[in-house]
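K.L.:
query-v8.txt is reproduced below (compact mmCIF, C-alpha atoms).
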# COMPACT_ATOMS: atom_id res chain seq x y z
CA MET A 972 88.94 100.62 102.44
CA PRO A 973 92.73 100.24 102.28
CA ALA A 974 94.50 103.17 100.65
CA SER A 975 95.79 102.40 97.19
CA ILE A 976 99.18 103.53 95.99
CA GLN A 977 97.24 105.30 93.27
CA ASN A 978 95.71 107.54 95.93
CA ARG A 979 96.88 111.12 96.05
CA VAL A 980 99.06 111.95 99.03
CA GLN A 981 97.29 113.89 101.77
CA LEU A 982 99.70 115.93 103.81
CA ASP A 983 99.45 116.31 107.56
CA LEU A 984 101.90 119.03 108.57
CA ASN A 985 100.36 119.78 111.95
CA ASN A 986 102.95 118.13 114.16
CA PRO A 987 104.38 120.87 116.40
CA VAL A 988 107.84 119.29 116.28
CA PHE A 989 107.86 119.46 112.48
CA GLN A 990 106.72 123.08 112.60
CA GLU A 991 109.27 123.97 115.27
CA HIS A 992 112.03 122.49 113.08
CA LEU A 993 110.71 124.22 109.94
CA PHE A 994 110.50 127.68 111.48
CA ARG A 995 113.98 127.35 112.93
CA LEU A 996 115.54 126.91 109.48
CA GLN A 997 116.97 129.65 107.28
CA ARG A 998 114.35 131.21 105.03
CA ASN A 999 115.86 129.91 101.78
CA GLU A 1000 115.75 126.37 103.19
CA GLN A 1001 112.13 126.88 104.21
CA VAL A 1002 111.29 127.96 100.67
CA HIS A 1003 112.89 124.80 99.23
CA ILE A 1004 110.91 122.67 101.65
CA LEU A 1005 107.63 124.42 100.80
CA LYS A 1006 108.32 123.68 97.15
CA THR A 1007 108.78 119.98 97.95
CA LEU A 1008 105.60 119.94 100.02
CA ARG A 1009 103.62 121.44 97.14
CA LYS A 1010 105.07 118.82 94.83
CA LEU A 1011 104.15 116.05 97.31
CA SER A 1012 100.58 117.30 97.59
CA GLN A 1013 100.15 116.68 93.85
CA MET A 1014 101.67 113.20 93.83
CA THR A 1015 100.24 109.74 94.27
CA TRP A 1016 101.81 107.33 96.69
CA ALA A 1017 103.15 105.29 93.76
CA GLN A 1018 104.96 108.40 92.55
CA VAL A 1019 106.40 109.09 96.01
CA TYR A 1020 107.83 105.59 96.26
CA SER A 1021 109.50 105.79 92.88
CA ASP A 1022 110.71 109.41 92.90
CA ASN A 1023 114.53 109.48 92.69
CA GLY A 1024 114.80 112.93 94.24
CA LEU A 1025 112.82 112.12 97.36
CA ARG A 1026 114.69 108.88 98.14
CA TRP A 1027 111.81 107.59 100.25
CA GLU A 1028 113.02 104.74 102.40
CA ALA A 1029 111.80 102.69 105.35
CA ILE A 1030 113.51 103.06 108.69
CA VAL A 1031 114.62 99.73 110.10
CA SER A 1032 115.93 100.62 113.54
CA ARG A 1033 112.84 102.07 115.13
CA THR A 1034 109.07 102.12 114.73
CA GLY A 1035 106.21 104.51 115.37
CA PRO A 1036 103.13 104.17 117.56
CA ARG A 1037 101.76 100.66 117.77
CA GLY A 1038 104.76 99.42 115.82
CA THR A 1039 103.91 101.37 112.67
CA ARG A 1040 106.61 101.78 110.07
CA LEU A 1041 108.54 105.04 109.93
CA TYR A 1042 110.04 106.47 106.78
CA THR A 1043 112.58 109.08 105.87
CA PHE A 1044 112.87 111.09 102.68
CA ARG A 1045 114.86 113.97 101.32
CA ILE A 1046 112.71 117.09 101.67
CA SER A 1047 115.47 119.43 100.47
CA LYS A 1048 119.14 119.06 99.57
CA LYS A 1049 120.21 119.60 103.17
CA VAL A 1050 117.24 118.26 105.13
CA ARG A 1051 115.62 114.86 105.58
CA ALA A 1052 112.13 114.43 106.95
CA VAL A 1053 110.84 111.58 109.08
CA ALA A 1054 107.24 110.63 108.36
CA CYS A 1055 104.70 107.89 108.79
CA ARG A 1056 101.89 106.82 106.51
CA GLU A 1057 98.32 106.37 107.71
CA GLN A 1058 96.13 105.33 104.80
CA ALA A 1059 96.48 108.20 102.29
CA TRP A 1060 98.03 110.54 104.89
CA MET A 1061 101.69 111.43 104.91
CA ARG A 1062 102.27 112.65 108.45
CA ILE A 1063 105.52 114.54 108.61
CA LEU A 1064 106.95 114.20 112.09
CA SER A 1065 110.30 115.97 112.16
CA LEU A 1066 113.14 117.43 110.11
CA HIS A 1067 116.83 116.60 110.44
CA PRO A 1068 120.03 117.64 108.69
CA ASP A 1069 120.85 115.32 105.79
CA HIS A 1070 123.98 113.45 106.82
CA ASP A 1071 125.76 113.24 103.47
CA SER A 1072 128.10 110.49 104.52
CA ALA A 1073 125.12 108.23 105.16
CA TYR A 1074 123.02 109.16 102.17
CA ARG A 1075 125.35 109.19 99.18
CA MET B 1345 116.52 74.53 133.01
CA GLY B 1346 116.17 74.22 129.22
CA THR B 1347 113.00 73.69 127.20
CA VAL B 1348 112.70 71.11 124.43
CA LYS B 1349 111.14 72.56 121.26
CA THR B 1350 110.44 71.04 117.86
CA ILE B 1351 111.87 72.71 114.77
CA GLY B 1352 109.10 73.54 112.28
CA LYS B 1353 108.83 72.60 108.59
CA SER B 1354 110.62 75.78 107.50
CA GLY B 1355 113.32 75.44 110.14
CA GLN B 1356 111.72 77.89 112.57
CA VAL B 1357 111.71 77.71 116.36
CA SER B 1358 109.37 79.82 118.51
CA LEU B 1359 110.90 81.81 121.37
CA GLY B 1360 107.56 83.03 122.68
CA LYS B 1361 105.37 86.07 122.04
CA LYS B 1362 107.24 88.30 124.44
CA PHE B 1363 110.12 88.43 121.97
CA ALA B 1364 107.92 89.08 118.94
CA GLY B 1365 109.25 91.85 116.71
CA GLN B 1366 112.67 92.00 118.35
CA GLN B 1367 115.91 91.37 116.49
CA VAL B 1368 118.17 88.60 117.64
CA LEU B 1369 121.76 87.71 116.78
CA VAL B 1370 122.06 83.99 116.10
CA GLU B 1371 125.56 82.57 116.40
CA GLU B 1372 126.25 78.90 115.64
CA ILE B 1373 129.18 78.18 117.91
CA GLU B 1374 129.42 74.61 116.74
CA SER B 1375 127.27 72.37 114.57
CA GLY B 1376 123.84 72.13 116.21
CA THR B 1377 124.64 74.58 119.02
CA TRP B 1378 123.54 78.21 118.89
CA VAL B 1379 123.81 81.26 121.11
CA LEU B 1380 120.96 83.78 120.74
CA LYS B 1381 121.31 87.40 121.87
CA VAL B 1382 118.45 89.86 121.68
CA GLY B 1383 119.66 93.22 120.42
CA ARG B 1384 119.10 95.96 117.94
CA PHE B 1385 120.63 96.38 114.50
CA ILE B 1386 121.10 99.97 113.45
CA PRO B 1387 122.08 100.49 109.81
CA GLN B 1388 124.94 102.95 109.43
CA ASN B 1389 122.70 105.39 107.57
CA GLU B 1390 120.24 105.42 110.49
CA GLU B 1391 122.73 106.11 113.28
CA TRP B 1392 121.76 109.79 113.25
CA LEU B 1393 118.21 108.83 114.33
CA HIS B 1394 119.63 107.61 117.61
CA ASN B 1395 121.58 110.76 118.49
CA PRO B 1396 120.12 112.05 121.77
CA LYS B 1397 118.73 115.27 120.26
CA ASP B 1398 117.28 113.68 117.10
CA LYS B 1399 115.84 110.79 119.10
CA ALA B 1400 114.24 113.12 121.68
CA ASP B 1401 112.68 115.26 118.94
CA LEU B 1402 111.27 112.23 117.16
CA ASP B 1403 109.97 110.81 120.44
CA ARG B 1404 108.09 114.06 121.07
CA ALA B 1405 106.72 114.07 117.53
CA LEU B 1406 105.52 110.49 117.83
CA GLU B 1407 103.91 111.14 121.19
CA TRP B 1408 101.95 114.02 119.68
CA ALA B 1409 101.00 112.01 116.58
CA GLU B 1410 99.67 109.21 118.73
CA LYS B 1411 97.28 111.59 120.47
CA HIS B 1412 96.14 113.56 117.42
CA PRO B 1413 94.55 112.02 114.30
CA PRO B 1414 95.77 113.27 110.91
CA GLN B 1415 94.31 116.52 109.62
CA ALA B 1416 94.66 118.37 106.33
CA SER B 1417 97.18 121.18 106.16
CA ASP B 1418 96.92 124.52 104.40
CA LEU B 1419 100.12 125.05 102.42
CA ASP B 1420 99.20 128.65 101.59
CA LYS B 1421 98.82 129.43 105.29
CA LEU B 1422 102.14 127.74 106.05
CA GLU B 1423 103.82 129.72 103.30
CA GLY B 1424 102.34 132.90 104.76
CA GLN B 1425 103.90 132.07 108.13
CA ILE B 1426 107.28 131.66 106.48
CA ASP B 1427 107.06 134.93 104.63
CA THR B 1428 106.46 136.97 107.81
Can the structure from this file be put into structure tokens for me?

P.N.:
Amino acid sequence: MPASIQNRVQLDLNNPVFQEHLFRLQRNEQVHILKTLRKLSQMTWAQVYSDNGLRWEAIVSRTGPRGTRLYTFRISKKVRAVACREQAWMRILSLHPDHDSAYR
Amino acid sequence: MGTVKTIGKSGQVSLGKKFAGQQVLVEEIESGTWVLKVGRFIPQNEEWLHNPKDKADLDRALEWAEKHPPQASDLDKLEGQIDT
């Protein structure tokens, strides 16, 4: 059954690259990110798409496995996450510094 | 040697399945004459994704994701790991 945008987000945070990036950050940044993750775990996909703070957007210049769409969103003020969606799952892949000049 | 193709109802021409999904620059050098170049468009706000380090990290992450199906995560456990 295709996942509806009314479905609650299910977080998959098991990617070792994501965890490596997370544990490398300063503690205060980690705390901010945890707060965002808790917020995400209570949201529906419709809410994720429309949330102004997250700035969820599709990546145009590359794709995931089997050509799946990749997305990026603001997980904290200084960090963007790259993720993909599989049904109701939000699979967070990696974390990257938020390049302010690109994301005004 | 060129191939003769017929332009479809919507103005489309097929280049063959091997090019499916790729981006192509279409330049009309004069009326009825085009040059096509396969390439990749990178929006300015995605250039960072193609830095060697960021690209390598994402490649590793994708490789792992391809081999492992999604599984639920315990946020309390993750928070505990951060607090230590």

K.L.:
Which value, in Å to one decimal, gives the distance between CA of Leu1008 in chain A and CA of Arg1037 in chain A?

P.N.:
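Between these atoms lies a distance of 26.5 Å.
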
K.L.:
Let me make sure I understand: among B:Leu1369, B:Leu1380, B:Ala1409, B:Met1345, which one has the smallest atom-to-atom distance to chain A if we use all atoms listed in the file?

P.N.:
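Among B:Leu1369, B:Leu1380, B:Ala1409, B:Met1345, it is B:Ala1409 that comes nearest to chain A.
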
K.L.:
Pick out the closest residue to Gln1425 in chain B from this set: A:Trp1027, A:Phe1044, A:Phe989, A:Phe994. Count all atoms listed in the file.

P.N.:
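That would be A:Phe994, the residue with the smallest distance to Gln1425 in chain B.
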
K.L.:
Got a sec to pull out which chain B residues are within 6 Å of chain A, counting only C-alpha atoms, and send them as an mmCIF file with C-alpha atoms, in the coordinates of the input?

P.N.:
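See selection-v9.cif below for the written result:
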data_model
loop_
_atom_site.group_PDB
_atom_site.id
_atom_site.type_symbol
_atom_site.label_atom_id
_atom_site.label_comp_id
_atom_site.auth_asym_id
_atom_site.auth_seq_id
_atom_site.Cartn_x
_atom_site.Cartn_y
_atom_site.Cartn_z
ATOM 1 C CA ILE B 1386 121.100 99.970 113.450
ATOM 2 C CA ASN B 1389 122.700 105.390 107.570
ATOM 3 C CA ALA B 1405 106.720 114.070 117.530
ATOM 4 C CA PRO B 1414 95.770 113.270 110.910
ATOM 5 C CA GLN B 1415 94.310 116.520 109.620
ATOM 6 C CA ALA B 1416 94.660 118.370 106.330
ATOM 7 C CA SER B 1417 97.180 121.180 106.160
#

K.L.:
Between B:Arg1404, B:Lys1362, B:Leu1419, B:Ile1351, which one has atoms that come closest to Thr1007 in chain A, using all atoms listed in the file?

P.N.:
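Of the candidates, the smallest distance to Thr1007 in chain A is held by B:Leu1419.
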
K.L.:
Between A:Arg995, A:Ser1021, A:Asn978, A:Glu1000, which has the minimum distance to Lys1049 in chain A (counting all atoms listed in the file)?

P.N.:
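When distances to Lys1049 in chain A are compared using all atoms listed in the file, the smallest one comes from A:Glu1000.
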
K.L.:
Within 9 Å of Lys1048 in chain A, counting only C-alpha atoms, which residues show up once you throw out same-chain ones fewer than 2 positions away? Write them as a list in words, please.

P.N.:
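Returned residues: Glu1000, His1003, Arg1045, Ile1046, Val1050, Arg1051 and Asp1069 of chain A.
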
K.L.:
Go ahead and write the residues just picked, C-alpha atoms, as an mmCIF file, keeping the file's coordinate frame.

P.N.:
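Result saved to out-v7.cif:
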data_model
loop_
_atom_site.group_PDB
_atom_site.id
_atom_site.type_symbol
_atom_site.label_atom_id
_atom_site.label_comp_id
_atom_site.auth_asym_id
_atom_site.auth_seq_id
_atom_site.Cartn_x
_atom_site.Cartn_y
_atom_site.Cartn_z
ATOM 1 C CA GLU A 1000 115.750 126.370 103.190
ATOM 2 C CA HIS A 1003 112.890 124.800 99.230
ATOM 3 C CA ARG A 1045 114.860 113.970 101.320
ATOM 4 C CA ILE A 1046 112.710 117.090 101.670
ATOM 5 C CA VAL A 1050 117.240 118.260 105.130
ATOM 6 C CA ARG A 1051 115.620 114.860 105.580
ATOM 7 C CA ASP A 1069 120.850 115.320 105.790
#

K.L.:
Residues at most 10 Å from Val1019 in chain A, counting all atoms listed in the file, excluding those fewer than 4 positions away in the same chain, as a PyMOL selection string?

P.N.:
chain A and resi 976+979-980+1010-1011+1014-1015+1023-1027+1044

K.L.:
Which is closer to Glu1028 in chain A than all the others in B:Glu1390, B:Pro1396, B:Leu1406, B:Asp1420, using all atoms listed in the file?

P.N.:
B:Glu1390

K.L.:
What is the distance, in Å and to one decimal place, between CA of Ala1059 in chain A and CA of Leu1041 in chain A?

P.N.:
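Going from CA of Ala1059 in chain A over to CA of Leu1041 in chain A covers 14.6 Å.
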
K.L.:
What's the separation between CA of Tyr1042 in chain A and CA of Phe1363 in chain B, in Å to one decimal place?

P.N.:
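Computed distance, CA of Tyr1042 in chain A to CA of Phe1363 in chain B, equals 23.6 Å.
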
K.L.:
Box for range 1388-1395 of chain B: with edges along x, y and z, all listed atoms inside and 5 Å added on each side, what are the centre and edge lengths in Å to one decimal, as AutoDock Vina command-line options?

P.N.:
--center_x 121.6 --center_y 106.9 --center_z 113.0 --size_x 16.7 --size_y 17.8 --size_z 20.9
